[in-house]
Every structure is written in C-alpha cells, then in structure tokens.
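Listing of work_6.cif, mmCIF, N, CA and C atoms
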```cif
data_work
#
loop_
_atom_site.group_PDB
_atom_site.id
_atom_site.type_symbol
_atom_site.label_atom_id
_atom_site.label_comp_id
_atom_site.auth_asym_id
_atom_site.auth_seq_id
_atom_site.Cartn_x
_atom_site.Cartn_y
_atom_site.Cartn_z
ATOM 1 N N MET A 584 -12.405 55.687 148.263
ATOM 2 C CA MET A 584 -12.758 54.417 148.849
ATOM 3 C C MET A 584 -11.830 53.348 148.267
ATOM 4 N N GLU A 585 -11.320 52.467 149.115
ATOM 5 C CA GLU A 585 -10.375 51.456 148.650
ATOM 6 C C GLU A 585 -11.070 50.377 147.817
ATOM 7 N N GLU A 586 -10.311 49.807 146.897
ATOM 8 C CA GLU A 586 -10.853 48.741 146.067
ATOM 9 C C GLU A 586 -10.916 47.443 146.864
ATOM 10 N N LYS A 587 -11.924 46.650 146.570
ATOM 11 C CA LYS A 587 -12.077 45.328 147.184
ATOM 12 C C LYS A 587 -12.161 44.309 146.061
ATOM 13 N N TYR A 588 -11.721 43.097 146.376
ATOM 14 C CA TYR A 588 -11.719 42.013 145.409
ATOM 15 C C TYR A 588 -12.361 40.779 146.029
ATOM 16 N N ALA A 589 -13.197 40.116 145.246
ATOM 17 C CA ALA A 589 -13.753 38.821 145.634
ATOM 18 C C ALA A 589 -12.862 37.764 145.004
ATOM 19 N N ILE A 590 -12.455 36.783 145.806
ATOM 20 C CA ILE A 590 -11.584 35.722 145.318
ATOM 21 C C ILE A 590 -12.364 34.413 145.346
ATOM 22 N N TYR A 591 -12.484 33.799 144.175
ATOM 23 C CA TYR A 591 -13.232 32.552 144.021
ATOM 24 C C TYR A 591 -12.291 31.423 143.642
ATOM 25 N N TYR A 592 -12.604 30.210 144.140
ATOM 26 C CA TYR A 592 -11.938 29.014 143.660
ATOM 27 C C TYR A 592 -12.896 28.320 142.715
ATOM 28 N N ASN A 593 -12.451 28.027 141.503
ATOM 29 C CA ASN A 593 -13.286 27.361 140.509
ATOM 30 C C ASN A 593 -13.022 25.858 140.544
ATOM 31 N N TYR A 594 -14.078 25.090 140.759
ATOM 32 C CA TYR A 594 -13.975 23.633 140.729
ATOM 33 C C TYR A 594 -14.131 23.152 139.295
ATOM 34 N N SER A 595 -13.595 21.998 138.993
ATOM 35 C CA SER A 595 -13.617 21.474 137.628
ATOM 36 C C SER A 595 -15.032 21.205 137.116
ATOM 37 N N CYS A 596 -15.997 21.035 138.029
ATOM 38 C CA CYS A 596 -17.372 20.735 137.615
ATOM 39 C C CYS A 596 -18.153 22.006 137.282
ATOM 40 N N GLY A 597 -17.499 23.145 137.273
ATOM 41 C CA GLY A 597 -18.163 24.393 136.907
ATOM 42 C C GLY A 597 -18.659 25.201 138.093
ATOM 43 N N ASN A 598 -18.575 24.654 139.285
ATOM 44 C CA ASN A 598 -18.973 25.393 140.486
ATOM 45 C C ASN A 598 -17.808 26.244 140.971
ATOM 46 N N ARG A 599 -18.131 27.274 141.720
ATOM 47 C CA ARG A 599 -17.082 28.078 142.327
ATOM 48 C C ARG A 599 -17.457 28.404 143.759
ATOM 49 N N LYS A 600 -16.424 28.647 144.571
ATOM 50 C CA LYS A 600 -16.611 28.938 145.991
ATOM 51 C C LYS A 600 -15.939 30.270 146.301
ATOM 52 N N LEU A 601 -16.676 31.132 146.991
ATOM 53 C CA LEU A 601 -16.096 32.396 147.437
ATOM 54 C C LEU A 601 -15.128 32.094 148.574
ATOM 55 N N GLU A 602 -13.869 32.384 148.365
ATOM 56 C CA GLU A 602 -12.826 32.120 149.361
ATOM 57 C C GLU A 602 -12.612 33.317 150.281
ATOM 58 N N ALA A 603 -12.659 34.525 149.713
ATOM 59 C CA ALA A 603 -12.348 35.703 150.521
ATOM 60 C C ALA A 603 -12.785 36.968 149.800
ATOM 61 N N ILE A 604 -12.942 38.014 150.576
ATOM 62 C CA ILE A 604 -13.071 39.369 150.064
ATOM 63 C C ILE A 604 -11.933 40.150 150.707
ATOM 64 N N THR A 605 -11.130 40.792 149.890
ATOM 65 C CA THR A 605 -9.925 41.430 150.390
ATOM 66 C C THR A 605 -9.627 42.709 149.613
ATOM 67 N N ASN A 606 -8.819 43.554 150.188
ATOM 68 C CA ASN A 606 -8.347 44.740 149.480
ATOM 69 C C ASN A 606 -6.938 44.521 148.918
ATOM 70 N N ASN A 607 -6.347 43.329 149.193
ATOM 71 C CA ASN A 607 -4.987 43.051 148.759
ATOM 72 C C ASN A 607 -4.856 41.567 148.395
ATOM 73 N N PRO A 608 -5.152 41.191 147.150
ATOM 74 C CA PRO A 608 -5.082 39.781 146.769
ATOM 75 C C PRO A 608 -3.697 39.149 146.954
ATOM 76 N N GLU A 609 -2.628 39.915 146.735
ATOM 77 C CA GLU A 609 -1.284 39.370 146.895
ATOM 78 C C GLU A 609 -1.009 38.987 148.349
ATOM 79 N N MET A 610 -1.456 39.828 149.278
ATOM 80 C CA MET A 610 -1.279 39.510 150.699
ATOM 81 C C MET A 610 -2.168 38.335 151.089
ATOM 82 N N TRP A 611 -3.365 38.276 150.519
ATOM 83 C CA TRP A 611 -4.272 37.173 150.831
ATOM 84 C C TRP A 611 -3.663 35.840 150.415
ATOM 85 N N ILE A 612 -3.098 35.746 149.198
ATOM 86 C CA ILE A 612 -2.536 34.472 148.744
ATOM 87 C C ILE A 612 -1.343 34.076 149.603
ATOM 88 N N LYS A 613 -0.561 35.044 150.050
ATOM 89 C CA LYS A 613 0.577 34.744 150.933
ATOM 90 C C LYS A 613 0.064 34.148 152.252
ATOM 91 N N GLU A 614 -0.938 34.778 152.859
ATOM 92 C CA GLU A 614 -1.497 34.276 154.111
ATOM 93 C C GLU A 614 -2.202 32.931 153.902
ATOM 94 N N HIS A 615 -2.885 32.787 152.777
ATOM 95 C CA HIS A 615 -3.568 31.542 152.441
ATOM 96 C C HIS A 615 -2.563 30.392 152.362
ATOM 97 N N ASN A 616 -1.432 30.628 151.705
ATOM 98 C CA ASN A 616 -0.412 29.591 151.588
ATOM 99 C C ASN A 616 0.249 29.282 152.923
ATOM 100 N N GLU A 617 0.440 30.275 153.774
ATOM 101 C CA GLU A 617 0.970 30.022 155.113
ATOM 102 C C GLU A 617 0.030 29.114 155.897
ATOM 103 N N GLU A 618 -1.279 29.355 155.785
ATOM 104 C CA GLU A 618 -2.266 28.497 156.447
ATOM 105 C C GLU A 618 -2.215 27.080 155.896
ATOM 106 N N ARG A 619 -2.080 26.939 154.580
ATOM 107 C CA ARG A 619 -2.000 25.606 153.958
ATOM 108 C C ARG A 619 -0.795 24.840 154.477
ATOM 109 N N ILE A 620 0.347 25.503 154.573
ATOM 110 C CA ILE A 620 1.563 24.855 155.072
ATOM 111 C C ILE A 620 1.371 24.440 156.526
ATOM 112 N N ASN A 621 0.777 25.302 157.342
ATOM 113 C CA ASN A 621 0.517 24.973 158.750
ATOM 114 C C ASN A 621 -0.444 23.803 158.898
ATOM 115 N N GLU A 622 -1.337 23.615 157.914
ATOM 116 C CA GLU A 622 -2.286 22.509 157.944
ATOM 117 C C GLU A 622 -1.690 21.223 157.371
ATOM 118 N N GLY A 623 -0.448 21.286 156.899
ATOM 119 C CA GLY A 623 0.232 20.090 156.423
ATOM 120 C C GLY A 623 0.252 19.894 154.915
ATOM 121 N N TYR A 624 -0.294 20.838 154.166
ATOM 122 C CA TYR A 624 -0.248 20.733 152.704
ATOM 123 C C TYR A 624 1.141 21.118 152.226
ATOM 124 N N GLU A 625 1.655 20.370 151.267
ATOM 125 C CA GLU A 625 2.985 20.659 150.741
ATOM 126 C C GLU A 625 2.936 21.665 149.600
ATOM 127 N N ASN A 626 1.855 21.665 148.842
ATOM 128 C CA ASN A 626 1.738 22.532 147.676
ATOM 129 C C ASN A 626 1.210 23.902 148.072
ATOM 130 N N THR A 627 1.778 24.923 147.462
ATOM 131 C CA THR A 627 1.224 26.264 147.609
ATOM 132 C C THR A 627 0.447 26.588 146.338
ATOM 133 N N GLU A 628 -0.383 27.602 146.404
ATOM 134 C CA GLU A 628 -1.207 27.995 145.274
ATOM 135 C C GLU A 628 -0.816 29.396 144.818
ATOM 136 N N THR A 629 -1.204 29.730 143.592
ATOM 137 C CA THR A 629 -0.964 31.063 143.053
ATOM 138 C C THR A 629 -2.308 31.723 142.762
ATOM 139 N N LEU A 630 -2.300 33.025 142.607
ATOM 140 C CA LEU A 630 -3.538 33.733 142.273
ATOM 141 C C LEU A 630 -4.100 33.296 140.928
ATOM 142 N N ASP A 631 -3.246 32.766 140.054
ATOM 143 C CA ASP A 631 -3.721 32.279 138.755
ATOM 144 C C ASP A 631 -4.699 31.116 138.894
ATOM 145 N N GLU A 632 -4.673 30.442 140.024
ATOM 146 C CA GLU A 632 -5.565 29.308 140.258
ATOM 147 C C GLU A 632 -6.939 29.744 140.772
ATOM 148 N N PHE A 633 -7.099 31.035 140.988
ATOM 149 C CA PHE A 633 -8.341 31.591 141.510
ATOM 150 C C PHE A 633 -8.891 32.607 140.520
ATOM 151 N N GLU A 634 -10.165 32.898 140.653
ATOM 152 C CA GLU A 634 -10.788 33.977 139.891
ATOM 153 C C GLU A 634 -10.850 35.192 140.817
ATOM 154 N N VAL A 635 -10.176 36.256 140.450
ATOM 155 C CA VAL A 635 -10.138 37.476 141.255
ATOM 156 C C VAL A 635 -10.998 38.515 140.551
ATOM 157 N N VAL A 636 -12.061 38.956 141.242
ATOM 158 C CA VAL A 636 -13.034 39.872 140.648
ATOM 159 C C VAL A 636 -13.044 41.174 141.445
ATOM 160 N N ARG A 637 -12.769 42.284 140.748
ATOM 161 C CA ARG A 637 -12.838 43.585 141.419
ATOM 162 C C ARG A 637 -14.290 43.908 141.703
ATOM 163 N N MET A 638 -14.563 44.314 142.922
ATOM 164 C CA MET A 638 -15.922 44.649 143.326
ATOM 165 C C MET A 638 -16.168 46.130 143.069
ATOM 166 N N ASP A 639 -17.359 46.449 142.636
ATOM 167 C CA ASP A 639 -17.739 47.841 142.418
ATOM 168 C C ASP A 639 -18.447 48.371 143.654
ATOM 169 N N CYS A 640 -18.260 49.634 143.932
ATOM 170 C CA CYS A 640 -18.870 50.255 145.102
ATOM 171 C C CYS A 640 -19.874 51.310 144.654
ATOM 172 N N PHE A 641 -21.103 51.149 145.107
ATOM 173 C CA PHE A 641 -22.156 52.105 144.819
ATOM 174 C C PHE A 641 -22.746 52.587 146.138
ATOM 175 N N PHE A 642 -22.624 53.870 146.397
ATOM 176 C CA PHE A 642 -23.185 54.468 147.604
ATOM 177 C C PHE A 642 -22.694 53.770 148.873
ATOM 178 N N GLY A 643 -21.418 53.361 148.861
ATOM 179 C CA GLY A 643 -20.828 52.725 150.033
ATOM 180 C C GLY A 643 -21.148 51.245 150.170
ATOM 181 N N ILE A 644 -21.831 50.657 149.177
ATOM 182 C CA ILE A 644 -22.155 49.236 149.219
ATOM 183 C C ILE A 644 -21.383 48.545 148.109
ATOM 184 N N TYR A 645 -20.632 47.513 148.470
ATOM 185 C CA TYR A 645 -19.840 46.789 147.490
ATOM 186 C C TYR A 645 -20.715 45.736 146.811
ATOM 187 N N ILE A 646 -20.624 45.697 145.488
ATOM 188 C CA ILE A 646 -21.401 44.764 144.669
ATOM 189 C C ILE A 646 -20.391 43.878 143.930
ATOM 190 N N TYR A 647 -20.655 42.587 143.930
ATOM 191 C CA TYR A 647 -19.810 41.688 143.159
ATOM 192 C C TYR A 647 -20.662 40.635 142.488
ATOM 193 N N ASN A 648 -20.126 40.062 141.418
ATOM 194 C CA ASN A 648 -20.859 39.056 140.656
ATOM 195 C C ASN A 648 -20.707 37.714 141.341
ATOM 196 N N ASN A 649 -21.746 37.246 141.979
ATOM 197 C CA ASN A 649 -21.683 35.980 142.713
ATOM 198 C C ASN A 649 -22.226 34.873 141.877
#
```
So that I can check it, write out the structure of this file as structure tokens.
Amino acid sequence: MEEKYAIYYNYSCGNRKLEAITNNPEMWIKEHNEERINEGYENTETLDEFEVVRMDCFFGIYIYNN
C-alpha cells in the first residue's frame, strides 16, 4: 500500500490547517506553487514551511494526527 502524507500549514497563533493529503509531497508543493503564481502571488513556498506527517494505514484505513 502506498504511503500517504498529511500536509499542514502552521499559523503563528498555534493553529494549523490541513492543506492536503498526498502520496507525493514534492509534487504537491510544485503544484501548490503553480496555483499561487496563477493567483498572482509572487512568493513561492517550500515544504519546510509546512508540517508533513506520514499517515499510518491500518486495515486499509489511513490514520493521521489531526
């Protein structure tokens, strides 16, 4: 079974937002930055700016720490 990753954006106030669940974080950040550029943002982001959490799979159900 392929690995899945939950990608969170951490806000400075201690809150976090689930941005995506993906099997390829590197491809996700590339697509995410393409969307940002298309929306008019000049800055791109790196995976270091997000919390990437590997999800565990039990009996075909993916579990992640939300």
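Using only N, CA and C atoms for every distance, the candidate list A:Ala603, A:Trp611, A:Glu618, A:Arg637 yields A:Ala603 as the residue closest to A:Tyr591.
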Mind checking DSSP for stretch 593-635 of chain A and telling me the alpha helix (DSSP H) residues as an mmCIF file with N, CA and C atoms, keeping the file's coordinate frame?
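Printed below is selection.cif as written:
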```
data_model
loop_
_atom_site.group_PDB
_atom_site.id
_atom_site.type_symbol
_atom_site.label_atom_id
_atom_site.label_comp_id
_atom_site.auth_asym_id
_atom_site.auth_seq_id
_atom_site.Cartn_x
_atom_site.Cartn_y
_atom_site.Cartn_z
ATOM 1 N N PRO A 608 -5.152 41.191 147.150
ATOM 2 C CA PRO A 608 -5.082 39.781 146.769
ATOM 3 C C PRO A 608 -3.697 39.149 146.954
ATOM 4 N N GLU A 609 -2.628 39.915 146.735
ATOM 5 C CA GLU A 609 -1.284 39.370 146.895
ATOM 6 C C GLU A 609 -1.009 38.987 148.349
ATOM 7 N N MET A 610 -1.456 39.828 149.278
ATOM 8 C CA MET A 610 -1.279 39.510 150.699
ATOM 9 C C MET A 610 -2.168 38.335 151.089
ATOM 10 N N TRP A 611 -3.365 38.276 150.519
ATOM 11 C CA TRP A 611 -4.272 37.173 150.831
ATOM 12 C C TRP A 611 -3.663 35.840 150.415
ATOM 13 N N ILE A 612 -3.098 35.746 149.198
ATOM 14 C CA ILE A 612 -2.536 34.472 148.744
ATOM 15 C C ILE A 612 -1.343 34.076 149.603
ATOM 16 N N LYS A 613 -0.561 35.044 150.050
ATOM 17 C CA LYS A 613 0.577 34.744 150.933
ATOM 18 C C LYS A 613 0.064 34.148 152.252
ATOM 19 N N GLU A 614 -0.938 34.778 152.859
ATOM 20 C CA GLU A 614 -1.497 34.276 154.111
ATOM 21 C C GLU A 614 -2.202 32.931 153.902
ATOM 22 N N HIS A 615 -2.885 32.787 152.777
ATOM 23 C CA HIS A 615 -3.568 31.542 152.441
ATOM 24 C C HIS A 615 -2.563 30.392 152.362
ATOM 25 N N ASN A 616 -1.432 30.628 151.705
ATOM 26 C CA ASN A 616 -0.412 29.591 151.588
ATOM 27 C C ASN A 616 0.249 29.282 152.923
ATOM 28 N N GLU A 617 0.440 30.275 153.774
ATOM 29 C CA GLU A 617 0.970 30.022 155.113
ATOM 30 C C GLU A 617 0.030 29.114 155.897
ATOM 31 N N GLU A 618 -1.279 29.355 155.785
ATOM 32 C CA GLU A 618 -2.266 28.497 156.447
ATOM 33 C C GLU A 618 -2.215 27.080 155.896
ATOM 34 N N ARG A 619 -2.080 26.939 154.580
ATOM 35 C CA ARG A 619 -2.000 25.606 153.958
ATOM 36 C C ARG A 619 -0.795 24.840 154.477
ATOM 37 N N ILE A 620 0.347 25.503 154.573
ATOM 38 C CA ILE A 620 1.563 24.855 155.072
ATOM 39 C C ILE A 620 1.371 24.440 156.526
ATOM 40 N N ASN A 621 0.777 25.302 157.342
ATOM 41 C CA ASN A 621 0.517 24.973 158.750
ATOM 42 C C ASN A 621 -0.444 23.803 158.898
#
```
Enumerate, as a ChimeraX atom specification, the complete set of residues in stretch 589-629 of chain A that a backbone-based DSSP assignment places in strand (DSSP E or B).
/A:589-593,599-605
Point out the residue among A:Ala589, A:Lys613, A:Asn626, A:Val636 with the least atom-to-atom distance to A:Leu601, counting only C-alpha atoms.
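Ranked by minimum distance to A:Leu601, first place goes to A:Ala589.
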How many Å separate atom C of A:Asn621 from atom N of A:Glu634?
22.6 Å
Please check which residues have atoms at most 10 Å from (-10.4, 33.3, 143.0) in the file's coordinates, counting only C-alpha atoms, and write them as a short mmCIF file (atom, residue, chain, number, x, y, z; two decimals) with N, CA and C atoms, in the coordinates of the input.
```cif
data_model
loop_
_atom_site.label_atom_id
_atom_site.label_comp_id
_atom_site.auth_asym_id
_atom_site.auth_seq_id
_atom_site.Cartn_x
_atom_site.Cartn_y
_atom_site.Cartn_z
N TYR A 588 -11.72 43.10 146.38
CA TYR A 588 -11.72 42.01 145.41
C TYR A 588 -12.36 40.78 146.03
N ALA A 589 -13.20 40.12 145.25
CA ALA A 589 -13.75 38.82 145.63
C ALA A 589 -12.86 37.76 145.00
N ILE A 590 -12.46 36.78 145.81
CA ILE A 590 -11.58 35.72 145.32
C ILE A 590 -12.36 34.41 145.35
N TYR A 591 -12.48 33.80 144.18
CA TYR A 591 -13.23 32.55 144.02
C TYR A 591 -12.29 31.42 143.64
N TYR A 592 -12.60 30.21 144.14
CA TYR A 592 -11.94 29.01 143.66
C TYR A 592 -12.90 28.32 142.72
N ASN A 593 -12.45 28.03 141.50
CA ASN A 593 -13.29 27.36 140.51
C ASN A 593 -13.02 25.86 140.54
N ARG A 599 -18.13 27.27 141.72
CA ARG A 599 -17.08 28.08 142.33
C ARG A 599 -17.46 28.40 143.76
N LYS A 600 -16.42 28.65 144.57
CA LYS A 600 -16.61 28.94 145.99
C LYS A 600 -15.94 30.27 146.30
N LEU A 601 -16.68 31.13 146.99
CA LEU A 601 -16.10 32.40 147.44
C LEU A 601 -15.13 32.09 148.57
N GLU A 602 -13.87 32.38 148.36
CA GLU A 602 -12.83 32.12 149.36
C GLU A 602 -12.61 33.32 150.28
N ALA A 603 -12.66 34.52 149.71
CA ALA A 603 -12.35 35.70 150.52
C ALA A 603 -12.78 36.97 149.80
N ILE A 604 -12.94 38.01 150.58
CA ILE A 604 -13.07 39.37 150.06
C ILE A 604 -11.93 40.15 150.71
N PRO A 608 -5.15 41.19 147.15
CA PRO A 608 -5.08 39.78 146.77
C PRO A 608 -3.70 39.15 146.95
N ILE A 612 -3.10 35.75 149.20
CA ILE A 612 -2.54 34.47 148.74
C ILE A 612 -1.34 34.08 149.60
N THR A 629 -1.20 29.73 143.59
CA THR A 629 -0.96 31.06 143.05
C THR A 629 -2.31 31.72 142.76
N LEU A 630 -2.30 33.02 142.61
CA LEU A 630 -3.54 33.73 142.27
C LEU A 630 -4.10 33.30 140.93
N ASP A 631 -3.25 32.77 140.05
CA ASP A 631 -3.72 32.28 138.76
C ASP A 631 -4.70 31.12 138.89
N GLU A 632 -4.67 30.44 140.02
CA GLU A 632 -5.56 29.31 140.26
C GLU A 632 -6.94 29.74 140.77
N PHE A 633 -7.10 31.04 140.99
CA PHE A 633 -8.34 31.59 141.51
C PHE A 633 -8.89 32.61 140.52
N GLU A 634 -10.16 32.90 140.65
CA GLU A 634 -10.79 33.98 139.89
C GLU A 634 -10.85 35.19 140.82
N VAL A 635 -10.18 36.26 140.45
CA VAL A 635 -10.14 37.48 141.26
C VAL A 635 -11.00 38.52 140.55
N VAL A 636 -12.06 38.96 141.24
CA VAL A 636 -13.03 39.87 140.65
C VAL A 636 -13.04 41.17 141.44
#
```
I'd like the interatomic distance between atom CA of A:Thr605 and atom N of A:Glu617, to a tenth of an Å.
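The value is 15.6 Å.
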Expressed in Å, the length from atom C of A:Tyr624 to atom C of A:Met610 is 17.6 Å
Considering all atoms listed in the file, can you say which of A:Thr627, A:His615, A:Ile620, A:Asn606 comes closest to A:Glu586?
A:Asn606
Shortest interatomic distance to A:Met638 - which of A:Glu622, A:Gly597, A:Glu609, A:Lys587, counting all atoms listed in the file
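The closest residue to A:Met638 is A:Lys587.
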